[in-house]
Every structure is written in C-alpha cells, then in structure tokens.
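K.L.:
Shown below is the structure under consideration.
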Amino acid sequence: MYTLILLSGGTGTRMHNAVPKQYMLLAGKPVIMHILERVDQIDRIAEVVVVCANEYVSSIELMLNQYGVRKKVMFAPAGDTRQASVKSGLSLVKTDDVVIHEAARPFVKVEDFDRLLDEKERNAIFGTSIPFTVVRGHAQVEGLLTRSELVNVQLPQKFETRLLKEAHEQASKEGVEFTEDAGMVFKYFPETTIAICPGMDYDIKLTTRIDMLAGEQIYDDVFRRRK
Amino acid sequence: MGTCIITGSGSGIGKATAIKLAQCHYFDSYALVGRNDADLQATMDKMVPYGAEVKLFNIDLAYPERIPELVASVNDTMGGIDCLLNIAGYTDPKSLLTTTLDSFDLTYRVNVYAPFMFMRESVKYMRQKGGKILNVASTAGMTPRPGWLSYASSKAALISMSETLTAELSEYGIMVYCVSPGRCATKLRKRLAPDEDPTTIMQPEEVAEVICNLVNPNECCLDGQNIVIRKVMKK
C-alpha cells in the first residue's frame with residue numbers, strides 16, 4: 001500500500017493572485033480537489049498527507065466533506081522549501097511505499113497513477129523528452145547539453161519510503177537542496193534503479209496565469225467526456 | 001440496472017414515469033419521493049407487479065434541508081444511486097404586484113432548491129461510477145408568461161442549472177438531461193390553467209415515454225440541452 005504526499009504549500013506569487021493556484025478554480029472546481037477526487041478512487045493508495053500552510057487546513061477539510069472524499073487525509077505543515085515540505089509530509093507516512101505529487105499538477109488521470117503503481121521497480125518517476133534545445137549558461141553560453149540525454153521530470157513519483165526518508169536525512173545533514181526527489185534518491189543511492197515511465201504531455205504544472213488558461217483547454221480535452 | 005430516485009412520484013409526470021420505468025425494467029429499485037403516503041403507495045402498487053423493488057420516502061420539498069439525510073439513506077439502503085429524476089414541481093401563479101415573498105420563496109424551494117440539493121447530494125455517491133440526472137423544467141421557463149413570474153423564472157433557473165451541470169459533471173460520467181414539457185394534464189397545470197379541458201392536451205404518460213427514452217441506458221447523445229416536449233394534437 002502507498003501513502004500519497006500531496007504538496008500544496010505554494011503561495012501563488014508567480015500567479016500574482018491573493019489565492020494560491022492550488023485553491024483557484026479550474027473547470028469550476030478547486031485545483032487541489034481534482035487530484036484528491038481521483039486518488040479517492042485508487043484503493044492502493046491507503047491514505048493521503050496534504051502538505052500545506054496551516055491556514056488552509058480547515059478549508060481543505062470542508063472541501064473534502066463537500067466532495068464526498070472518503071479516503072483518510074492527514075495534514076502536515078509546509079516547509080520553507082519544497083524539500084522541507086516533502087520531509088514534513090514523510091514524517092506522517094507509515095506505509096512502506098510513498099507517492100509524491102503536487103496539487104498544482106491536476107491533470108493526472110487515475111490510469112496514470114495506476115501505471116506508476118504497476119511499474120515493477122519500487123522507485124519510479126514519469127518523464128518526457130525535452131522538445132526544445134538547451135545549453136548551459138547564465139548571461140552567456142557556457143556549455144552544451146545533449147537533448148537526447150535529458151528527461152523532463154514529471155510528477156507523480158513513487159519511492160520506497162525508507163529510502164526516501166534516508167535520502168532526506170542525508171540531504172539535511174549536508175545542507176543540500178534538491179528541487180525534486182528522484183535526483184535526491186539517485187544522489188545518495190546511485191545503485192538503486194529509478195525507472196522512468198513514459199510521461200504525459202498534459203501533465204503540466206500550473207504556475208502562471210497562462211497555465212490556468214491553457215489548463216481549461218487541457219481539462220476539456222483530457223477529462224470532459226462529453227465531446 | 002441499479003437505483004433510481006424519482007421526486008414527485010405521487011402524481012402526474014412523476015407517477016407516470018415511475019410506472020413506465022418499472023415496465024421497462026431499466027432499474028432494479030426505485031426510491032419514490034413525495035409528500036402524500038397514499039399517492040406514493042398507489043404508484044408503488046402499479047410498479048411492484050413488474051418486479052420493481054420500491055421504497056417510499058415521504059418528504060415535503062418545501063424543506064430541502066432534509067434532503068441530504070434522505071439521499072444518504074437511499075444510498076446506504078438501496079445499494080447506491082444510479083439515476084435521479086427531479087420531477088416534483090410547485091406553482092402559485094400570480095402577477096408581480098400580487099406575488100408575496102413567501103409564495104416566491106416556496107416556489108423556489110420546491111422547483112430550484114430541492115433539485116439543487118438532490119443533485120448535490122446524489123452526485124457525492126454517483127461520481128464514482130457515473131449515472132444520469134434528469135430535470136423536468138417547463139416551456140414556461142423559456143418564453144414570457146405574464147402572471148407566472150415565480151414559476152416561469154424557477155423553471156428558467158432549472159434549465160440553466162442543467163446546462164451548467166452537464167459540463168461540470170461530465171468528468172464523472174454523469175449525464176444531465178433537461179426536458180421542458182408544454183401543456184400537460186397534471187394537477188399543477190390545473191392551477192395554471194383552471195378552465196382548460198385536460199383531455200385536449202398532452203398526457204403525463206406521453207411525457208413519461210420521452211423521459212424513459214432519455215433514461216434508457218443506451219441513450220448517450222441528448223444530454224446538455226433543453227428538450228421541449230410538445231404534442232401534436234389530432235384535429
């Protein structure tokens with residue numbers, strides 16, 4: 001069985017909105033509820049830990065009741081960084097395996113979660129190829145990167161809980177910050193296989209206002225059954 | 001198969017629909033909702049011979065706050081909810097200057113708030129496996145009807161709610177239908193047009209026929225639009 005850690009600690013600064021993006025409406029429904037409703041249908045996910053600012057706990061609890069979500073949902077306080085938020089969520093995980101996802105990625109289907117959980121490797125992520133050319137550099141080009149060797153890392157991801165907790169402990173001790181967890185696990189457990197499942201082009205992260213506009217179209221195309 | 005909730009099933013279109021559905025064997029069980037025990041029992045008596053399992057729920061839809069408990073009871077005791085038919089209606093035809101707030105409020109409680117509550121509560125259970133919702137509005141909700149202010153506007157609201165929820169509930173595989181019957185020989189019509197000969201207009205059984213065609217599990221293309229039901233009368 002799995003526990004889902006749902007990261008929902010964003011403050012919405014890039015959206016320039018008083019309401020963080022995960023609580024804005026997408027297709028008439030709060031963004032965070034899209035994933036919570038679908039995960040409610042996945043029996044292999046035993047419980048959910050929502051990592052968020054304390055001020056949103058009561059409103060999320062109200063929404064869970066309003067939408068009839070029956071899965072056990074717990075809350076952990078968001079940290080100052082993404083890494084700290086994952087570590088905060090991990091402190092409540094009791095299952096042997098954990099799934100990490102972000103509330104701001106609402107376009108993951110039940111079938112996508114199933115595909116990740118079906119992957120025979122215990123540690124697995126979704127990844128897509130990168131459709132644009134990248135180089136290394138800041139104010140000037142400093143080096144080349146080979147596009148065919150790169151992968152766009154998506155969520156959700158799954159990990160053996162023990163492994164991920166140990167990786168976070170190591171990172172904390174060393175004071176190293178990672179922007180996602182697959183890289184962290186790879187850094188501290190390079191002998192561990194982390195499978196890459198073919199990702200989804202619709203699994204975008206809602207970050208800017210343009211993403212919300214595009215998101216309405218993605219929802220229509222991917223989830224609305226009435227064509 | 002599954003379970004179907006039918007409001008207003010003690011008389012008129014609701015009663016005719018309940019009996020027709022039992023004859024068609026579209027569902028295993030039916031939750032008949034109304035406010036008159038004898039009327040509900042009479043409907044049930046005509047369904048049972050067709051093998052339908054029927055439960056009666058006496059509730060006055062003027063008090064929609066009681067609906068969540070009713071819907072939960074249907075779900076818990078009848079094996080889920082697969083279909084919801086909001087058929088109950090109320091009218092108190094008056095012109096603007098003679099319409100009281102109480103009358104307006106009661107009309108909206110029965111015609112708008114009750115369907116809203118039935119839909120909201122039922123969707124909590126239906127969203128896992130999909131289903132169908134059908135709302136009975138009226139042609140009065142589409143065209144000006146002087147003297148029918150509260151009734152006509154409440155039916156316009158129901159038409160709009162149906163169209164909105166068609167889109168909103170699509171992800172769950174829940175189809176939302178809306179029908180707007182024209183003149184139909186019901187008790188409600190008698191209040192709107194007391195001098196009309198009911199034998200000269202459409203009968204509840206004819207509206208029920210259309211509703212059954214929409215509720216038919218094979219029907220998958222006519223949701224999301226306000227379907228007008230009018231009979232071509234023979235001269």
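So you can find residues: chains in the structure tokens are A, B, ... in the order shown, residues in each start at 1, and ligands are numbered from 1 in order.
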Counting only C-alpha atoms, give me one row per residue of chain A with an atom at most 12 Å from an atom of chain B, showing the shortest contact pair and its distance in Å to one decimal, sorted by chain then residue number, as CSV.
P.N.:
```
residue,atom,partner,partner_atom,distance
A:Leu25,CA,B:Glu168,CA,11.9
A:Leu26,CA,B:Glu168,CA,10.5
A:Ala27,CA,B:Glu168,CA,7.1
A:Gly28,CA,B:Glu168,CA,6.9
A:Lys29,CA,B:Glu168,CA,8.5
A:His34,CA,B:Glu171,CA,10.1
A:Glu37,CA,B:Gln128,CA,9.2
A:Arg38,CA,B:Gln128,CA,9.2
A:Val39,CA,B:Gln128,CA,11.2
A:Asp40,CA,B:Gln128,CA,9.0
A:Gln41,CA,B:Gln128,CA,7.2
A:Ile42,CA,B:Gln128,CA,10.9
A:Met63,CA,B:Lys124,CA,11.9
A:Leu64,CA,B:Lys124,CA,10.8
A:Asn65,CA,B:Lys124,CA,9.5
A:Gln66,CA,B:Lys124,CA,8.0
A:Tyr67,CA,B:Lys124,CA,6.1
A:Gly68,CA,B:Lys124,CA,5.2
A:Val69,CA,B:Lys124,CA,8.3
A:Arg70,CA,B:Lys124,CA,10.2
A:Phe107,CA,B:Glu171,CA,11.8
A:Lys109,CA,B:Glu171,CA,10.8
A:Val110,CA,B:Gln128,CA,11.8
A:Tyr219,CA,B:Glu171,CA,9.1
A:Asp220,CA,B:Glu171,CA,9.2
A:Asp221,CA,B:Glu171,CA,10.7
A:Val222,CA,B:Glu171,CA,9.2
A:Phe223,CA,B:Glu171,CA,5.4
A:Arg224,CA,B:Glu171,CA,4.9
A:Arg225,CA,B:Ser170,CA,5.5
A:Arg226,CA,B:Ser170,CA,6.0
A:Lys227,CA,B:Ser170,CA,9.6
```
K.L.:
Would you output that residue set with N, CA and C atoms, as a tab-separated table (two decimals), in the first residue's frame?
P.N.:
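Result file out.tsv:
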```tsv
chain	number	residue	atom	x	y	z
A	25	LEU	N	-10.07	28.10	-9.03
A	25	LEU	CA	-10.99	27.20	-9.71
A	25	LEU	C	-10.48	26.83	-11.09
A	26	LEU	N	-10.50	25.56	-11.39
A	26	LEU	CA	-10.19	25.04	-12.71
A	26	LEU	C	-11.38	24.18	-13.13
A	27	ALA	N	-12.00	24.52	-14.26
A	27	ALA	CA	-13.22	23.82	-14.69
A	27	ALA	C	-14.26	23.84	-13.57
A	28	GLY	N	-14.30	24.94	-12.83
A	28	GLY	CA	-15.32	25.11	-11.80
A	28	GLY	C	-15.02	24.43	-10.49
A	29	LYS	N	-13.83	23.86	-10.36
A	29	LYS	CA	-13.51	23.07	-9.16
A	29	LYS	C	-12.15	23.50	-8.64
A	34	HIS	N	-9.12	18.28	-7.82
A	34	HIS	CA	-9.04	17.41	-8.99
A	34	HIS	C	-8.28	16.12	-8.64
A	37	GLU	N	-10.00	14.01	-5.62
A	37	GLU	CA	-11.14	13.21	-6.07
A	37	GLU	C	-10.68	11.94	-6.79
A	38	ARG	N	-9.66	12.09	-7.62
A	38	ARG	CA	-9.22	10.90	-8.40
A	38	ARG	C	-8.51	9.90	-7.50
A	39	VAL	N	-7.69	10.40	-6.61
A	39	VAL	CA	-6.97	9.49	-5.71
A	39	VAL	C	-7.96	8.73	-4.81
A	40	ASP	N	-9.10	9.35	-4.56
A	40	ASP	CA	-10.14	8.69	-3.75
A	40	ASP	C	-10.59	7.38	-4.40
A	41	GLN	N	-10.37	7.25	-5.71
A	41	GLN	CA	-10.80	6.05	-6.43
A	41	GLN	C	-9.70	4.97	-6.49
A	42	ILE	N	-8.52	5.27	-5.94
A	42	ILE	CA	-7.39	4.33	-6.08
A	42	ILE	C	-7.18	3.59	-4.77
A	63	MET	N	-13.78	21.12	1.98
A	63	MET	CA	-13.93	20.66	0.58
A	63	MET	C	-13.97	19.14	0.50
A	64	LEU	N	-13.15	18.47	1.30
A	64	LEU	CA	-13.14	17.00	1.30
A	64	LEU	C	-14.53	16.48	1.66
A	65	ASN	N	-15.15	17.12	2.61
A	65	ASN	CA	-16.50	16.73	3.01
A	65	ASN	C	-17.51	17.05	1.91
A	66	GLN	N	-17.39	18.24	1.33
A	66	GLN	CA	-18.33	18.65	0.29
A	66	GLN	C	-18.26	17.75	-0.94
A	67	TYR	N	-17.05	17.32	-1.27
A	67	TYR	CA	-16.89	16.47	-2.45
A	67	TYR	C	-17.05	14.98	-2.13
A	68	GLY	N	-17.33	14.67	-0.89
A	68	GLY	CA	-17.59	13.28	-0.53
A	68	GLY	C	-16.36	12.40	-0.61
A	69	VAL	N	-15.18	12.97	-0.38
A	69	VAL	CA	-13.94	12.16	-0.42
A	69	VAL	C	-13.89	11.30	0.84
A	70	ARG	N	-13.71	9.99	0.63
A	70	ARG	CA	-13.78	9.06	1.76
A	70	ARG	C	-12.41	8.61	2.26
A	107	PHE	N	-3.74	17.40	-13.76
A	107	PHE	CA	-4.20	16.68	-14.96
A	107	PHE	C	-3.72	15.24	-15.02
A	109	LYS	N	-4.47	11.39	-14.64
A	109	LYS	CA	-5.64	10.51	-14.61
A	109	LYS	C	-5.44	9.37	-13.61
A	110	VAL	N	-6.52	8.73	-13.24
A	110	VAL	CA	-6.45	7.53	-12.40
A	110	VAL	C	-5.57	6.49	-13.10
A	219	TYR	N	-8.16	20.47	-19.62
A	219	TYR	CA	-9.23	19.75	-18.90
A	219	TYR	C	-10.31	19.31	-19.88
A	220	ASP	N	-10.71	20.25	-20.75
A	220	ASP	CA	-11.75	19.93	-21.74
A	220	ASP	C	-11.34	18.73	-22.59
A	221	ASP	N	-10.09	18.75	-23.02
A	221	ASP	CA	-9.63	17.73	-23.95
A	221	ASP	C	-9.43	16.38	-23.27
A	222	VAL	N	-8.90	16.40	-22.05
A	222	VAL	CA	-8.48	15.15	-21.40
A	222	VAL	C	-9.57	14.55	-20.52
A	223	PHE	N	-10.35	15.40	-19.85
A	223	PHE	CA	-11.25	14.87	-18.82
A	223	PHE	C	-12.73	14.99	-19.14
A	224	ARG	N	-13.12	15.99	-19.91
A	224	ARG	CA	-14.55	16.14	-20.16
A	224	ARG	C	-14.96	15.05	-21.15
A	225	ARG	N	-15.89	14.23	-20.73
A	225	ARG	CA	-16.27	13.08	-21.57
A	225	ARG	C	-17.26	13.46	-22.65
A	226	ARG	N	-17.96	14.56	-22.45
A	226	ARG	CA	-18.99	14.96	-23.42
A	226	ARG	C	-18.28	15.69	-24.55
A	227	LYS	N	-18.17	15.06	-25.71
A	227	LYS	CA	-17.42	15.64	-26.84
A	227	LYS	C	-18.37	16.20	-27.88
```
K.L.:
Taking only range 73-144 of chain A into account, list the residues labelled strand (DSSP E or B) by DSSP (computed from the backbone), as JSON, numbers by chain.
P.N.:
{"A": [73, 74, 75, 76, 77, 97, 98, 99, 100, 101, 102, 124, 125, 126, 127, 128, 135, 136, 137, 141, 142, 143, 144]}
K.L.:
Pick out the residues sitting within 12 Å of Met1 in chain A, and hand them over as a short mmCIF file (atom, residue, chain, number, x, y, z; two decimals) with N, CA and C atoms, in the first residue's frame; count only C-alpha atoms, and ignore anything fewer than 2 positions along from it in its own chain.
P.N.:
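Generated output (around06.cif):
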```cif
data_model
loop_
_atom_site.label_atom_id
_atom_site.label_comp_id
_atom_site.auth_asym_id
_atom_site.auth_seq_id
_atom_site.Cartn_x
_atom_site.Cartn_y
_atom_site.Cartn_z
N THR A 3 1.16 5.67 0.56
CA THR A 3 0.64 6.95 1.05
C THR A 3 0.98 7.99 -0.01
N LEU A 4 0.02 8.84 -0.30
CA LEU A 4 0.29 9.94 -1.24
C LEU A 4 0.63 11.19 -0.44
N ILE A 42 -8.52 5.27 -5.94
CA ILE A 42 -7.39 4.33 -6.08
C ILE A 42 -7.18 3.59 -4.77
N ASP A 43 -7.56 2.33 -4.74
CA ASP A 43 -7.52 1.56 -3.49
C ASP A 43 -6.11 1.36 -2.97
N ARG A 44 -5.13 1.28 -3.88
CA ARG A 44 -3.75 1.01 -3.45
C ARG A 44 -3.15 2.19 -2.68
N ILE A 45 -3.74 3.35 -2.83
CA ILE A 45 -3.30 4.50 -2.03
C ILE A 45 -4.17 4.52 -0.78
N ALA A 46 -3.55 4.14 0.35
CA ALA A 46 -4.32 3.94 1.58
C ALA A 46 -4.70 5.26 2.23
N GLU A 47 -3.79 6.20 2.18
CA GLU A 47 -4.08 7.50 2.82
C GLU A 47 -3.29 8.60 2.14
N VAL A 48 -3.68 9.81 2.48
CA VAL A 48 -3.09 10.99 1.84
C VAL A 48 -2.57 11.93 2.92
N VAL A 93 4.15 9.41 7.19
CA VAL A 93 3.96 8.23 6.33
C VAL A 93 4.31 6.96 7.09
N LYS A 94 3.37 6.00 7.09
CA LYS A 94 3.62 4.73 7.78
C LYS A 94 3.69 3.56 6.81
N THR A 95 3.26 3.76 5.59
CA THR A 95 3.30 2.67 4.60
C THR A 95 4.72 2.48 4.10
N ASP A 96 4.99 1.32 3.50
CA ASP A 96 6.34 1.01 3.02
C ASP A 96 6.71 1.81 1.78
N ASP A 97 5.70 2.28 1.07
CA ASP A 97 5.97 2.99 -0.18
C ASP A 97 5.16 4.29 -0.20
N VAL A 98 5.70 5.26 -0.92
CA VAL A 98 5.08 6.59 -0.91
C VAL A 98 5.02 7.14 -2.33
N VAL A 99 3.98 7.89 -2.60
CA VAL A 99 3.85 8.58 -3.89
C VAL A 99 3.93 10.08 -3.60
N LEU A 117 1.99 2.91 -10.31
CA LEU A 117 1.98 1.91 -9.23
C LEU A 117 2.23 0.51 -9.80
N ASP A 118 1.85 0.29 -11.05
CA ASP A 118 2.08 -1.02 -11.69
C ASP A 118 3.55 -1.25 -12.06
N ARG A 122 10.29 -0.36 -7.48
CA ARG A 122 9.62 0.36 -6.39
C ARG A 122 9.83 1.88 -6.47
N LYS A 158 7.11 7.68 -7.35
CA LYS A 158 6.93 6.77 -6.20
C LYS A 158 8.30 6.30 -5.71
N PHE A 159 8.37 6.10 -4.40
CA PHE A 159 9.62 5.68 -3.79
C PHE A 159 9.36 4.72 -2.64
N GLU A 160 10.40 3.93 -2.37
CA GLU A 160 10.39 3.15 -1.13
C GLU A 160 10.52 4.17 0.00
N THR A 161 9.63 4.13 0.96
CA THR A 161 9.58 5.17 1.99
C THR A 161 10.91 5.27 2.76
#
```
K.L.:
Could you give me, as a list of chain:residue names, the residues within 7 Å of Tyr90 in chain B, counting only C-alpha atoms and dropping anything in the same chain fewer than 3 positions from it?
P.N.:
B:Thr107, B:Val110, B:Asn111, B:Leu188
K.L.:
How would the residues just chosen look if you wrote them out with C-alpha atoms as a PDB file, in the first residue's frame?
P.N.:
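Once written, result.pdb looks like this:
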```pdb
ATOM      1  CA  THR B 107     -41.849  28.092  -5.421  1.00  0.00           C
ATOM      2  CA  VAL B 110     -39.567  23.186  -4.432  1.00  0.00           C
ATOM      3  CA  ASN B 111     -38.564  23.972  -8.020  1.00  0.00           C
ATOM      4  CA  LEU B 188     -50.018  21.644 -11.458  1.00  0.00           C
TER       5      LEU B 188
END
```
K.L.:
Using only C-alpha atoms, find the one residue out of A:Val50, A:Ala104, A:Arg136, A:Ile204 that sits nearest to Pro20 in chain A.
P.N.:
A:Ala104
K.L.:
Suppose you want the space between CA of Ser91 in chain A and CA of Phe186 in chain A; what is it in Å?
P.N.:
20.8 Å
